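So this one's coords.cif, mmCIF, C-alpha atoms and all ligand atoms:
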```cif
data_upload
#
loop_
_atom_site.label_atom_id
_atom_site.label_comp_id
_atom_site.auth_asym_id
_atom_site.auth_seq_id
_atom_site.Cartn_x
_atom_site.Cartn_y
_atom_site.Cartn_z
CA MET A 95 30.78 -67.74 -126.08
CA THR A 96 29.29 -68.75 -122.78
CA ALA A 97 28.03 -72.26 -122.47
CA GLU A 98 24.40 -71.83 -121.56
CA ILE A 99 23.31 -74.72 -119.42
CA ASP A 100 19.94 -75.87 -120.56
CA PRO A 101 17.76 -75.57 -117.44
CA GLN A 102 15.97 -78.78 -118.40
CA LEU A 103 19.30 -80.60 -118.70
CA ALA A 104 20.44 -79.22 -115.34
CA GLN A 105 17.20 -80.49 -113.82
CA LEU A 106 17.78 -83.91 -115.41
CA TYR A 107 21.16 -84.25 -113.65
CA LYS A 108 19.60 -83.10 -110.34
CA ASP A 109 16.88 -85.69 -110.72
CA PHE A 110 19.39 -88.43 -111.60
CA ASP A 111 21.09 -87.64 -108.30
CA ALA A 112 17.81 -87.54 -106.35
CA TYR A 113 16.88 -91.00 -107.65
CA GLY A 114 20.32 -92.59 -107.12
CA LEU A 115 21.38 -92.57 -110.77
CA LEU A 116 24.57 -91.57 -112.59
CA PRO A 117 25.02 -91.47 -116.36
CA LEU A 118 27.89 -93.22 -118.12
CA TRP A 119 28.59 -90.45 -120.62
CA THR A 120 30.04 -88.01 -118.07
CA GLN A 121 32.40 -90.62 -116.60
CA ARG A 122 33.20 -93.02 -119.41
CA GLU A 123 36.95 -92.27 -119.47
CA ASP A 124 37.34 -92.80 -115.71
CA LEU A 125 35.26 -95.96 -115.73
CA MET A 126 36.67 -97.45 -118.92
CA PRO A 127 40.16 -96.08 -119.59
CA ALA A 128 42.21 -97.49 -122.46
CA VAL A 129 44.64 -99.12 -120.00
CA PRO A 130 44.57 -99.44 -116.17
CA GLN A 131 44.94 -96.12 -114.32
CA PRO A 132 45.68 -97.23 -110.75
CA ALA A 133 45.37 -94.74 -107.91
CA ALA A 134 48.14 -96.70 -106.17
CA VAL A 135 51.57 -95.31 -107.00
CA PRO A 136 54.98 -96.97 -107.42
CA TYR A 137 56.71 -96.54 -104.06
CA ARG A 138 59.74 -97.67 -102.06
CA TRP A 139 59.97 -98.23 -98.29
CA ARG A 140 63.45 -98.38 -96.77
CA TRP A 141 63.96 -101.38 -94.50
CA LYS A 142 65.93 -99.40 -91.95
CA GLU A 143 63.12 -96.87 -91.57
CA ILE A 144 60.28 -99.37 -91.23
CA HIS A 145 62.33 -101.70 -89.04
CA ASP A 146 63.33 -98.89 -86.65
CA LEU A 147 59.66 -97.94 -86.28
CA ALA A 148 58.73 -101.58 -85.64
CA VAL A 149 61.34 -101.67 -82.85
CA ARG A 150 59.82 -98.52 -81.33
CA ALA A 151 56.35 -100.08 -81.54
CA GLY A 152 57.83 -103.12 -79.77
CA ASP A 153 58.78 -100.93 -76.82
CA LEU A 154 55.49 -99.06 -76.64
CA VAL A 155 52.70 -101.30 -77.89
CA PRO A 156 51.84 -104.66 -76.33
CA VAL A 157 50.76 -107.56 -78.50
CA GLY A 158 47.67 -109.48 -77.45
CA ARG A 159 44.02 -110.31 -77.85
CA GLY A 160 42.02 -107.79 -79.84
CA GLY A 161 44.77 -106.09 -81.83
CA GLU A 162 46.18 -109.60 -82.37
CA ARG A 163 49.43 -108.65 -84.12
CA ARG A 164 52.12 -105.97 -83.90
CA ALA A 165 51.99 -105.59 -87.68
CA ILE A 166 52.57 -102.25 -89.39
CA SER A 167 51.23 -102.08 -92.91
CA LEU A 168 53.07 -100.48 -95.80
CA ALA A 169 50.41 -98.02 -96.89
CA ASN A 170 50.53 -96.88 -100.51
CA PRO A 171 50.58 -93.03 -100.59
CA GLY A 172 48.23 -93.13 -103.60
CA LEU A 173 45.59 -94.85 -101.45
CA PRO A 174 45.43 -92.40 -98.54
CA GLY A 175 44.01 -93.70 -95.27
CA LEU A 176 44.05 -97.31 -96.46
CA PRO A 177 46.53 -99.91 -95.14
CA HIS A 178 46.96 -101.30 -98.66
CA ALA A 179 50.22 -101.70 -100.58
CA THR A 180 48.20 -102.25 -103.77
CA PRO A 181 44.42 -102.50 -104.34
CA THR A 182 44.62 -106.25 -103.62
CA LEU A 183 47.67 -106.76 -101.39
CA TRP A 184 48.61 -106.11 -97.78
CA ALA A 185 52.31 -105.96 -96.88
CA ALA A 186 53.42 -105.39 -93.30
CA VAL A 187 56.42 -105.59 -91.04
CA GLN A 188 55.54 -107.67 -87.99
CA TYR A 189 57.59 -107.55 -84.80
CA LEU A 190 57.60 -110.02 -81.92
CA GLY A 191 59.75 -109.31 -78.87
CA PRO A 192 61.55 -111.76 -76.57
CA ASN A 193 59.17 -114.30 -75.00
CA GLU A 194 56.13 -112.69 -76.62
CA VAL A 195 53.17 -114.61 -78.01
CA ALA A 196 50.76 -113.48 -80.74
CA PRO A 197 47.41 -115.15 -79.99
CA VAL A 198 45.71 -117.82 -82.07
CA HIS A 199 43.08 -116.77 -84.61
CA ARG A 200 41.94 -117.62 -88.09
CA HIS A 201 40.48 -115.72 -91.00
CA ALA A 202 39.38 -116.11 -94.59
CA GLN A 203 42.32 -114.01 -95.78
CA ASN A 204 45.36 -115.91 -97.07
CA ALA A 205 48.72 -115.03 -95.55
CA PHE A 206 52.43 -115.71 -95.78
CA ARG A 207 55.52 -114.60 -93.89
CA PHE A 208 58.89 -113.98 -95.55
CA VAL A 209 61.98 -113.73 -93.34
CA LEU A 210 64.60 -111.16 -94.31
CA GLU A 211 66.78 -111.66 -91.25
CA GLY A 212 66.90 -113.37 -87.88
CA ASP A 213 65.17 -116.41 -86.44
CA GLY A 214 63.70 -117.57 -83.15
CA VAL A 215 59.96 -117.35 -83.83
CA TRP A 216 57.75 -120.35 -84.44
CA THR A 217 54.46 -119.84 -86.23
CA VAL A 218 51.95 -122.48 -85.17
CA VAL A 219 49.67 -123.34 -88.11
CA ASN A 220 46.75 -125.67 -87.33
CA GLY A 221 48.69 -126.92 -84.32
CA ASP A 222 51.92 -127.53 -86.27
CA SER A 223 54.92 -125.49 -85.04
CA VAL A 224 56.91 -124.06 -87.95
CA ALA A 225 60.32 -122.49 -87.38
CA MET A 226 60.92 -119.13 -89.07
CA ARG A 227 64.45 -118.47 -90.29
CA ARG A 228 66.24 -116.19 -92.74
CA GLY A 229 65.10 -116.66 -96.33
CA ASP A 230 62.17 -118.91 -95.50
CA LEU A 231 58.64 -118.50 -96.83
CA LEU A 232 55.98 -119.65 -94.36
CA LEU A 233 52.34 -120.11 -95.38
CA THR A 234 49.16 -119.43 -93.44
CA PRO A 235 46.37 -120.26 -95.93
CA GLY A 236 42.87 -118.90 -95.36
CA TRP A 237 41.03 -120.46 -92.39
CA ALA A 238 44.16 -122.06 -90.91
CA TRP A 239 44.40 -121.42 -87.15
CA HIS A 240 47.62 -119.60 -86.38
CA GLY A 241 49.57 -117.91 -83.61
CA HIS A 242 53.24 -116.98 -83.28
CA HIS A 243 55.59 -117.39 -80.34
CA ASN A 244 59.10 -116.23 -79.62
CA PRO A 245 60.72 -118.40 -76.92
CA THR A 246 64.07 -116.62 -77.26
CA ASP A 247 65.54 -113.52 -75.62
CA ARG A 248 65.88 -111.81 -79.01
CA PRO A 249 63.23 -109.90 -80.97
CA MET A 250 62.35 -110.86 -84.53
CA ALA A 251 60.80 -108.94 -87.40
CA TRP A 252 59.56 -110.24 -90.76
CA LEU A 253 57.42 -109.33 -93.77
CA ASP A 254 53.76 -110.39 -93.86
CA GLY A 255 51.76 -110.57 -97.07
CA LEU A 256 47.99 -111.02 -97.14
CA ASP A 257 45.07 -110.55 -99.54
CA ILE A 258 43.30 -108.23 -97.03
CA PRO A 259 42.50 -105.48 -99.59
CA LEU A 260 41.07 -107.99 -102.08
CA SER A 261 38.95 -109.55 -99.35
CA SER A 262 37.81 -106.09 -98.31
CA ALA A 263 36.85 -105.08 -101.87
CA LEU A 264 34.91 -108.31 -102.33
CA ASN A 265 33.35 -108.21 -98.83
CA THR A 266 34.51 -111.74 -98.13
CA GLU A 267 36.09 -111.07 -94.71
CA PHE A 268 35.51 -113.65 -91.98
CA PHE A 269 37.45 -113.88 -88.70
CA GLN A 270 37.44 -116.01 -85.57
CA PHE A 271 39.40 -115.83 -82.29
CA GLY A 272 41.10 -118.96 -81.07
CA PRO A 273 41.82 -120.00 -77.48
CA ALA A 274 43.21 -117.24 -75.22
CA THR A 275 46.50 -119.07 -74.74
CA LEU A 276 48.75 -120.72 -77.29
CA ASP A 277 49.13 -124.16 -75.74
CA ASP A 278 51.65 -125.58 -78.17
CA ARG A 279 54.91 -123.75 -77.64
CA SER A 280 57.11 -126.53 -78.95
CA THR A 281 60.14 -125.64 -81.03
CA PRO A 282 60.80 -128.46 -83.51
CA GLU A 283 63.48 -128.05 -86.16
CA ARG A 284 61.09 -129.41 -88.77
CA SER A 285 57.31 -129.07 -88.88
CA ARG A 286 54.97 -132.02 -89.42
CA ALA A 287 53.96 -130.42 -92.76
CA GLU A 288 57.56 -130.47 -93.97
CA ARG A 289 58.08 -134.04 -92.81
CA LEU A 290 55.03 -135.12 -94.82
CA TRP A 291 55.36 -132.85 -97.90
CA GLY A 292 58.92 -131.51 -97.95
CA GLN A 293 60.71 -134.09 -100.10
CA PRO A 294 60.82 -133.02 -103.78
CA GLY A 295 58.58 -135.05 -106.08
CA LEU A 296 57.43 -137.37 -103.31
CA ARG A 297 53.78 -137.38 -102.31
CA PRO A 298 52.28 -139.25 -99.36
CA VAL A 299 49.90 -141.90 -100.69
CA SER A 300 47.63 -141.11 -97.75
CA ALA A 301 46.93 -137.66 -99.29
CA LEU A 302 46.17 -138.02 -103.00
CA THR A 303 43.30 -135.51 -103.14
CA ASP A 304 44.44 -132.19 -104.58
CA LEU A 305 44.18 -129.21 -102.24
CA PRO A 306 43.50 -125.59 -103.34
CA LYS A 307 45.99 -124.33 -100.74
CA SER A 308 49.47 -125.73 -100.30
CA PRO A 309 49.84 -128.20 -97.40
CA LEU A 310 53.57 -127.36 -97.24
CA ALA A 311 53.82 -124.80 -94.43
CA ALA A 312 57.45 -123.83 -95.05
CA TYR A 313 59.65 -123.31 -98.10
CA ARG A 314 63.22 -123.27 -96.81
CA TRP A 315 65.94 -120.93 -98.00
CA GLU A 316 68.33 -123.85 -98.42
CA HIS A 317 66.12 -125.21 -101.23
CA THR A 318 65.30 -121.82 -102.78
CA ASP A 319 68.98 -120.87 -102.86
CA ALA A 320 70.00 -124.22 -104.35
CA ALA A 321 67.39 -123.90 -107.12
CA LEU A 322 68.52 -120.39 -108.08
CA THR A 323 72.20 -121.34 -107.92
CA ALA A 324 71.57 -124.32 -110.20
CA GLN A 325 69.76 -122.20 -112.81
CA LEU A 326 72.70 -119.81 -113.12
CA GLU A 327 75.21 -122.67 -113.21
CA LEU A 328 73.20 -124.28 -116.00
CA GLU A 329 73.25 -120.97 -117.87
CA ASP A 330 77.05 -120.84 -117.49
CA GLU A 331 77.23 -124.34 -118.95
CA GLY A 332 75.09 -123.29 -121.94
CA HIS A 333 71.90 -125.08 -120.85
CA GLU A 334 68.30 -123.92 -120.44
CA GLY A 335 66.71 -123.03 -117.13
CA VAL A 336 66.98 -119.32 -116.44
CA ALA A 337 63.95 -117.01 -116.73
CA SER A 338 65.90 -114.56 -118.91
CA PRO A 339 69.63 -113.94 -119.47
CA GLY A 340 71.37 -113.52 -116.09
CA HIS A 341 68.04 -113.87 -114.29
CA ALA A 342 67.11 -116.99 -112.33
CA ALA A 343 63.61 -117.29 -110.85
CA ILE A 344 61.51 -119.81 -108.95
CA ARG A 345 57.85 -119.84 -108.00
CA PHE A 346 56.64 -121.27 -104.70
CA THR A 347 53.97 -123.83 -105.58
CA ASN A 348 51.36 -126.09 -104.08
CA PRO A 349 52.85 -129.61 -104.29
CA THR A 350 49.42 -131.17 -104.89
CA THR A 351 48.58 -129.13 -107.99
CA GLY A 352 51.68 -127.27 -109.18
CA ASP A 353 49.66 -124.03 -108.91
CA ASP A 354 50.63 -121.04 -106.82
CA ALA A 355 51.22 -121.85 -103.15
CA LEU A 356 48.26 -119.65 -102.14
CA PRO A 357 45.07 -119.30 -104.21
CA THR A 358 45.15 -115.49 -104.33
CA ILE A 359 48.86 -114.61 -103.99
CA ARG A 360 51.81 -115.48 -106.24
CA THR A 361 55.13 -115.84 -104.42
CA GLU A 362 58.51 -116.00 -106.16
CA MET A 363 62.24 -115.57 -105.60
CA HIS A 364 64.43 -113.97 -108.23
CA ARG A 365 68.22 -113.78 -108.55
CA ILE A 366 69.70 -111.30 -111.02
CA ARG A 367 73.42 -111.42 -111.74
CA ALA A 368 75.53 -108.34 -111.09
CA GLY A 369 75.22 -106.09 -114.14
CA ALA A 370 72.24 -107.96 -115.60
CA VAL A 371 68.93 -106.30 -116.40
CA VAL A 372 65.32 -107.49 -116.43
CA PRO A 373 63.97 -105.49 -119.38
CA GLU A 374 60.92 -103.20 -119.33
CA SER A 375 57.47 -104.79 -119.16
CA ARG A 376 53.96 -104.05 -117.92
CA GLU A 377 51.25 -106.37 -116.64
CA SER A 378 47.69 -106.10 -115.34
CA ALA A 379 48.64 -107.46 -111.93
CA SER A 380 50.11 -105.69 -108.93
CA SER A 381 53.22 -106.78 -107.06
CA VAL A 382 55.33 -106.07 -104.01
CA TRP A 383 59.07 -106.79 -104.07
CA GLN A 384 61.52 -107.06 -101.19
CA VAL A 385 65.28 -107.03 -101.64
CA PHE A 386 66.59 -110.09 -99.85
CA GLU A 387 70.26 -109.44 -100.62
CA GLY A 388 72.28 -107.08 -102.77
CA ASP A 389 71.46 -103.77 -104.35
CA GLY A 390 70.23 -102.34 -107.60
CA VAL A 391 67.68 -100.10 -109.25
CA PHE A 392 63.95 -100.40 -109.95
CA LEU A 393 62.88 -98.19 -112.84
CA LEU A 394 59.13 -97.70 -112.40
CA ASN A 395 57.49 -95.72 -115.21
CA GLY A 396 60.98 -94.38 -115.81
CA GLU A 397 61.53 -93.23 -112.23
CA ARG A 398 64.77 -94.59 -110.71
CA LEU A 399 64.45 -96.06 -107.24
CA GLU A 400 67.69 -97.28 -105.69
CA VAL A 401 67.16 -100.34 -103.51
CA GLY A 402 69.24 -102.22 -100.97
CA ARG A 403 68.79 -105.03 -98.49
CA GLY A 404 65.29 -105.24 -97.04
CA ASP A 405 63.82 -102.37 -99.03
CA VAL A 406 60.27 -102.96 -100.26
CA VAL A 407 58.92 -101.68 -103.57
CA THR A 408 55.30 -101.70 -104.68
CA VAL A 409 54.42 -101.98 -108.36
CA PRO A 410 50.79 -101.18 -109.25
CA SER A 411 49.06 -102.63 -112.29
CA TRP A 412 50.39 -101.49 -115.67
CA THR A 413 53.47 -99.83 -114.20
CA GLU A 414 56.47 -100.19 -116.51
CA VAL A 415 59.12 -102.13 -114.59
CA ARG A 416 62.80 -102.50 -115.38
CA ILE A 417 65.21 -103.98 -112.84
CA GLU A 418 68.98 -103.46 -112.87
CA ALA A 419 71.24 -105.47 -110.58
CA ARG A 420 74.26 -103.62 -109.30
CA GLY A 421 75.73 -106.47 -107.26
CA ASP A 422 74.12 -109.91 -107.39
CA LEU A 423 70.51 -109.15 -106.48
CA ASP A 424 68.14 -111.54 -104.70
CA LEU A 425 64.50 -110.41 -104.73
CA PHE A 426 61.42 -111.86 -103.10
CA ARG A 427 58.23 -110.92 -104.96
CA PHE A 428 54.53 -111.42 -104.33
CA GLY A 429 51.58 -110.43 -106.48
CA ASP A 430 47.91 -110.92 -107.25
CA HIS A 431 48.55 -112.86 -110.48
CA PRO A 432 46.57 -116.01 -109.52
CA VAL A 433 43.42 -113.86 -109.16
CA MET A 434 43.94 -112.08 -112.47
CA GLU A 435 44.72 -115.33 -114.28
CA ARG A 436 41.69 -117.17 -112.91
CA LEU A 437 39.41 -114.32 -113.91
CA HIS A 438 41.04 -114.13 -117.37
CA LEU A 439 42.09 -110.55 -116.60
CA TYR A 440 45.84 -111.02 -116.92
CA LEU A 441 47.35 -109.01 -119.79
CA THR A 442 50.82 -107.72 -120.50
CA ASP A 443 52.06 -105.02 -122.85
CA ARG A 444 52.77 -107.85 -125.29
CA THR A 445 49.27 -109.37 -125.11
CA ASN A 446 47.05 -106.27 -124.78
CA PRO A 447 44.76 -106.62 -127.84
CA ALA A 448 44.02 -102.87 -127.92
CA THR A 449 47.61 -102.09 -128.95
CA THR A 450 47.15 -103.87 -132.28
CA GLU A 451 44.60 -102.81 -134.89
CA GLY A 452 42.74 -106.01 -135.54
CA PRO A 453 39.81 -106.39 -137.95
CA LEU A 454 36.38 -105.77 -136.42
CA ARG A 455 34.74 -109.06 -135.72
O1 LIG A 501 50.20 -112.72 -88.39
O2 LIG A 501 48.17 -113.43 -88.30
O3 LIG A 501 50.19 -108.59 -90.99
O4 LIG A 501 46.25 -111.79 -89.04
C1 LIG A 501 47.90 -109.00 -90.66
C2 LIG A 501 46.90 -109.82 -90.17
C3 LIG A 501 49.53 -110.53 -89.83
C4 LIG A 501 48.98 -112.59 -88.63
C5 LIG A 501 49.21 -109.36 -90.50
C6 LIG A 501 47.22 -110.99 -89.50
C7 LIG A 501 48.56 -111.35 -89.34
FE FE2 A 502 46.30 -113.79 -88.92
#
```
For this file, produce the structure as structure tokens.
Amino acid sequence: MTAEIDPQLAQLYKDFDAYGLLPLWTQREDLMPAVPQPAAVPYRWRWKEIHDLAVRAGDLVPVGRGGERRAISLANPGLPGLPHATPTLWAAVQYLGPNEVAPVHRHAQNAFRFVLEGDGVWTVVNGDSVAMRRGDLLLTPGWAWHGHHNPTDRPMAWLDGLDIPLSSALNTEFFQFGPATLDDRSTPERSRAERLWGQPGLRPVSALTDLPKSPLAAYRWEHTDAALTAQLELEDEGHEGVASPGHAAIRFTNPTTGDDALPTIRTEMHRIRAGAVVPESRESASSVWQVFEGDGVFLLNGERLEVGRGDVVTVPSWTEVRIEARGDLDLFRFGDHPVMERLHLYLTDRTNPATTEGPLR
């Protein structure tokens, strides 16, 4: 039997097109699938590979006004041609050579830096010089002026995370150049932000108005490490505190509100004991993980990805994730959870209402 196409129906579709119209009924499953069907794919970048390429870019490509940053984005192969790790998140390796300066600018996009290894760069945020060292998380909230300078004779590379793809999808991009030269090239041990905000539980009485973006420019590894160590010690002593058995986790937060450090990006550090497992789960948020130390396996929709120091893994929405620690495994993770939560779009495989047959209401 040949499907005769009704000439009138064919004309209807032609006319829809001519008048800028598209019907729902031919695309319903793509537009409204039962669960998220991201084009982005689970993927792993090896630190050695991306770092070697950043070093080569350091030799060949100057950093300066216009291009602004020697940052190489981790581009999800499921989103061809786009510099996006997930539909909402940018992840990049940035490289600054000896005595180089990345010029001052500001933008609506929120940013952070996470340091896998090395030191010697100061990021200057709203005129406050912030040292970057191994294990530190440094914040550059939207609209903060920022430039980076490396006064040493050693290069440095780190991971950048921004909400560039989200901003692009929402058409909320704004950008402004700063002065041509970075005047403040001071190299303090401790930033003014840390001196004012960096003592746990202590708030300056001069700053009692809550801020949507964290005023604490740096979250130091010393504190992160101590918090994770304490959780596992408490577990050994039979007390509460760990996220799940053998799995310590902390979230970087805004000290004025207790919310996520950045309004659009969740940032966390996880420590999984050797041999421990974070069991399978799915969520309607996308994440990027970087191995800070140790090695293990990410099982993403059942696919085994071995990971070691510095490797970066991207986890699109609704990907089933299971993590196995081979040795003790320290993981930095960032995700778009604050956006999903604020829009009441955050679901997990345990809270998806469509998986249970409820009464029609
Ligand atoms: O360091 O200011 O990876 O503006 C992308 C955009 C880094 C930065 C990126 C940026 C920056
Ligand atoms: Fe920037």
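The closest residue to ligand LIG 501 (chain A), picked from A:Asp257, A:Glu387, A:Asp153, A:Asp247 and counting only C-alpha atoms and all ligand atoms, is A:Asp257.
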- Message: Just want the residues within 7 Å of ligand FE2 502 (chain A), written as an NGL selection string, counting only C-alpha atoms and all ligand atoms.
- Response: :A and (199-201 or 240)
What does the file look like for those residues with C-alpha atoms, as a PDB file, in the frame of the given file?
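out-v7.pdb was written with the following content:
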```pdb
ATOM      1  CA  HIS A 199      43.080-116.770 -84.610  1.00  0.00           C
ATOM      2  CA  ARG A 200      41.940-117.620 -88.090  1.00  0.00           C
ATOM      3  CA  HIS A 201      40.480-115.720 -91.000  1.00  0.00           C
ATOM      4  CA  HIS A 240      47.620-119.600 -86.380  1.00  0.00           C
TER       5      HIS A 240
END
```
- Please provide as a list of chain:residue names all residues within 8 Å of region 119-131 of chain A, with the sequence filter that same-chain residues fewer than 5 positions apart are discarded (counting all atoms listed in the file).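 In the requested form, the answer reads A:Ser378, A:Ser411, A:Trp412, A:Ala448.
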Using all atoms listed in the file, tabulate the residues of chain A lying at most 10 Å from any atom of ligand LIG 501 (chain A), each with its closest atom pair and that distance in Å to one decimal, by chain and increasing residue number, as a tab-separated table.
```
residue	atom	partner	partner_atom	distance
A:Gly161	CA	A:LIG501	O4	9.3
A:Glu162	CA	A:LIG501	O4	7.0
A:Arg163	CA	A:LIG501	C7	5.9
A:Arg164	CA	A:LIG501	O3	7.8
A:Ala165	CA	A:LIG501	O3	4.8
A:Ile166	CA	A:LIG501	O3	7.0
A:Ser167	CA	A:LIG501	O3	6.9
A:Leu168	CA	A:LIG501	O3	9.9
A:Trp184	CA	A:LIG501	O3	7.4
A:Ala185	CA	A:LIG501	O3	6.8
A:Ala186	CA	A:LIG501	O3	5.1
A:Val187	CA	A:LIG501	O3	6.9
A:Gln188	CA	A:LIG501	O3	6.2
A:Tyr189	CA	A:LIG501	O3	9.7
A:Ala196	CA	A:LIG501	O1	7.7
A:Pro197	CA	A:LIG501	O2	8.5
A:Val198	CA	A:LIG501	O2	8.0
A:His199	CA	A:LIG501	O2	7.1
A:Arg200	CA	A:LIG501	O4	7.3
A:His201	CA	A:LIG501	O4	7.3
A:Ala202	CA	A:LIG501	O4	9.8
A:Gln203	CA	A:LIG501	O4	8.1
A:Asn204	CA	A:LIG501	O4	9.1
A:Ala205	CA	A:LIG501	C7	7.2
A:Phe206	CA	A:LIG501	O1	8.3
A:Arg207	CA	A:LIG501	O1	7.9
A:Thr217	CA	A:LIG501	O1	8.6
A:Thr234	CA	A:LIG501	O2	8.0
A:Ala238	CA	A:LIG501	O2	9.9
A:Trp239	CA	A:LIG501	O2	8.9
A:His240	CA	A:LIG501	O2	6.5
A:Gly241	CA	A:LIG501	O2	6.6
A:His242	CA	A:LIG501	O1	7.3
A:Trp252	CA	A:LIG501	O3	9.5
A:Leu253	CA	A:LIG501	O3	7.8
A:Asp254	CA	A:LIG501	O3	4.9
A:Gly255	CA	A:LIG501	O3	6.6
A:Leu256	CA	A:LIG501	C1	6.8
A:Asp257	CA	A:LIG501	C1	9.4
A:Ile258	CA	A:LIG501	C1	7.9
A:Phe269	CA	A:LIG501	O4	9.1
```
- Might you pull out every residue within 7 Å of region 338-353 of chain A, with all atoms listed in the file counted and same-chain residues fewer than 6 positions away left off, and present them as a VMD selection string? chain A and resid 304 to 305 307 to 308 322 325 to 326 361 to 367 370
- Item | Test item: residues at most 10 Å from Glu435 (chain A), all atoms listed in the file, excluding those fewer than 5 positions along its chain, as a VMD selection string | chain A and resid 358 378 to 379 430 440 to 441
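If you measure from each of A:Asp422, A:Leu310, A:Tyr137, A:Asp443 to Arg376 (chain A) using all atoms listed in the file, the closest one turns out to be A:Asp443.
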- Do you have the CA of Tyr113 (chain A)-CA of Ile99 (chain A) distance handy?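 Calculated distance between CA of Tyr113 (chain A) and CA of Ile99 (chain A) is 21.1 Å.
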- In Å to one decimal, how far is CA of Trp315 (chain A) from CA of Asn244 (chain A)?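 Computed distance, CA of Asn244 (chain A) to CA of Trp315 (chain A), equals 20.2 Å.
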- Between CA of Gly158 (chain A) and CA of Ala251 (chain A), what is the spacing in Å?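 The value is 16.5 Å.
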- Would you be able to write out as JSON, numbers by chain which residues have an atom within 9 Å of (59.4, -95.2, -109.7) in the file's coordinates, counting only C-alpha atoms? {"A": [135, 136, 137, 138, 392, 393, 394, 395, 396, 397, 398, 399, 407, 409, 413, 414, 415]}
- Task: Excluding Arg286 (chain A) and any residue of its chain fewer than 3 positions from it, enumerate the residues within 7 Å of it, using only C-alpha atoms, and give them as a list in words.
- Result: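 The filter keeps Asp222, Arg289 and Leu290 of chain A.
Using only C-alpha atoms, the nearest neighbour of Gln270 (chain A) within the list A:His145, A:Pro117, A:Glu400, A:Trp237 is A:Trp237.
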- Message: Given all atoms listed in the file as the basis, pick out the residue of A:Gly421, A:Gly404, A:Pro294, A:Pro410 nearest to Arg228 (chain A).
- Response: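 Ranked by minimum distance to Arg228 (chain A), first place goes to A:Gly404.
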- Message: Nearest residue to Ser261 (chain A) out of A:Asn193, A:Thr182, A:Ser300, A:Ser375, using only C-alpha atoms?
- Response: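 Looking only at the distances to Ser261 (chain A), the closest residue turns out to be A:Thr182.
Those residues that approach Val382 (chain A) to within 6 Å, counting only C-alpha atoms, are Val407, Thr408, Arg427 and Phe428 of chain A; same-chain residues fewer than 3 positions away are not listed.
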- Nearest residue to Glu374 (chain A) from the set A:Glu418, A:Gly335, A:Leu423, A:Asp111 (distances using all atoms listed in the file):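 Smallest separation from Glu374 (chain A) among the options: A:Glu418.
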Produce the centre coordinates and the three edge lengths, each in Å to one decimal, of the box along x, y and z that contains all listed atoms of region 385-393 of chain A with 6 Å added on each side, as lines of an AutoDock Vina configuration file.
```
center_x = 67.6
center_y = -104.1
center_z = -106.3
size_x = 21.4
size_y = 23.9
size_z = 25.0
```
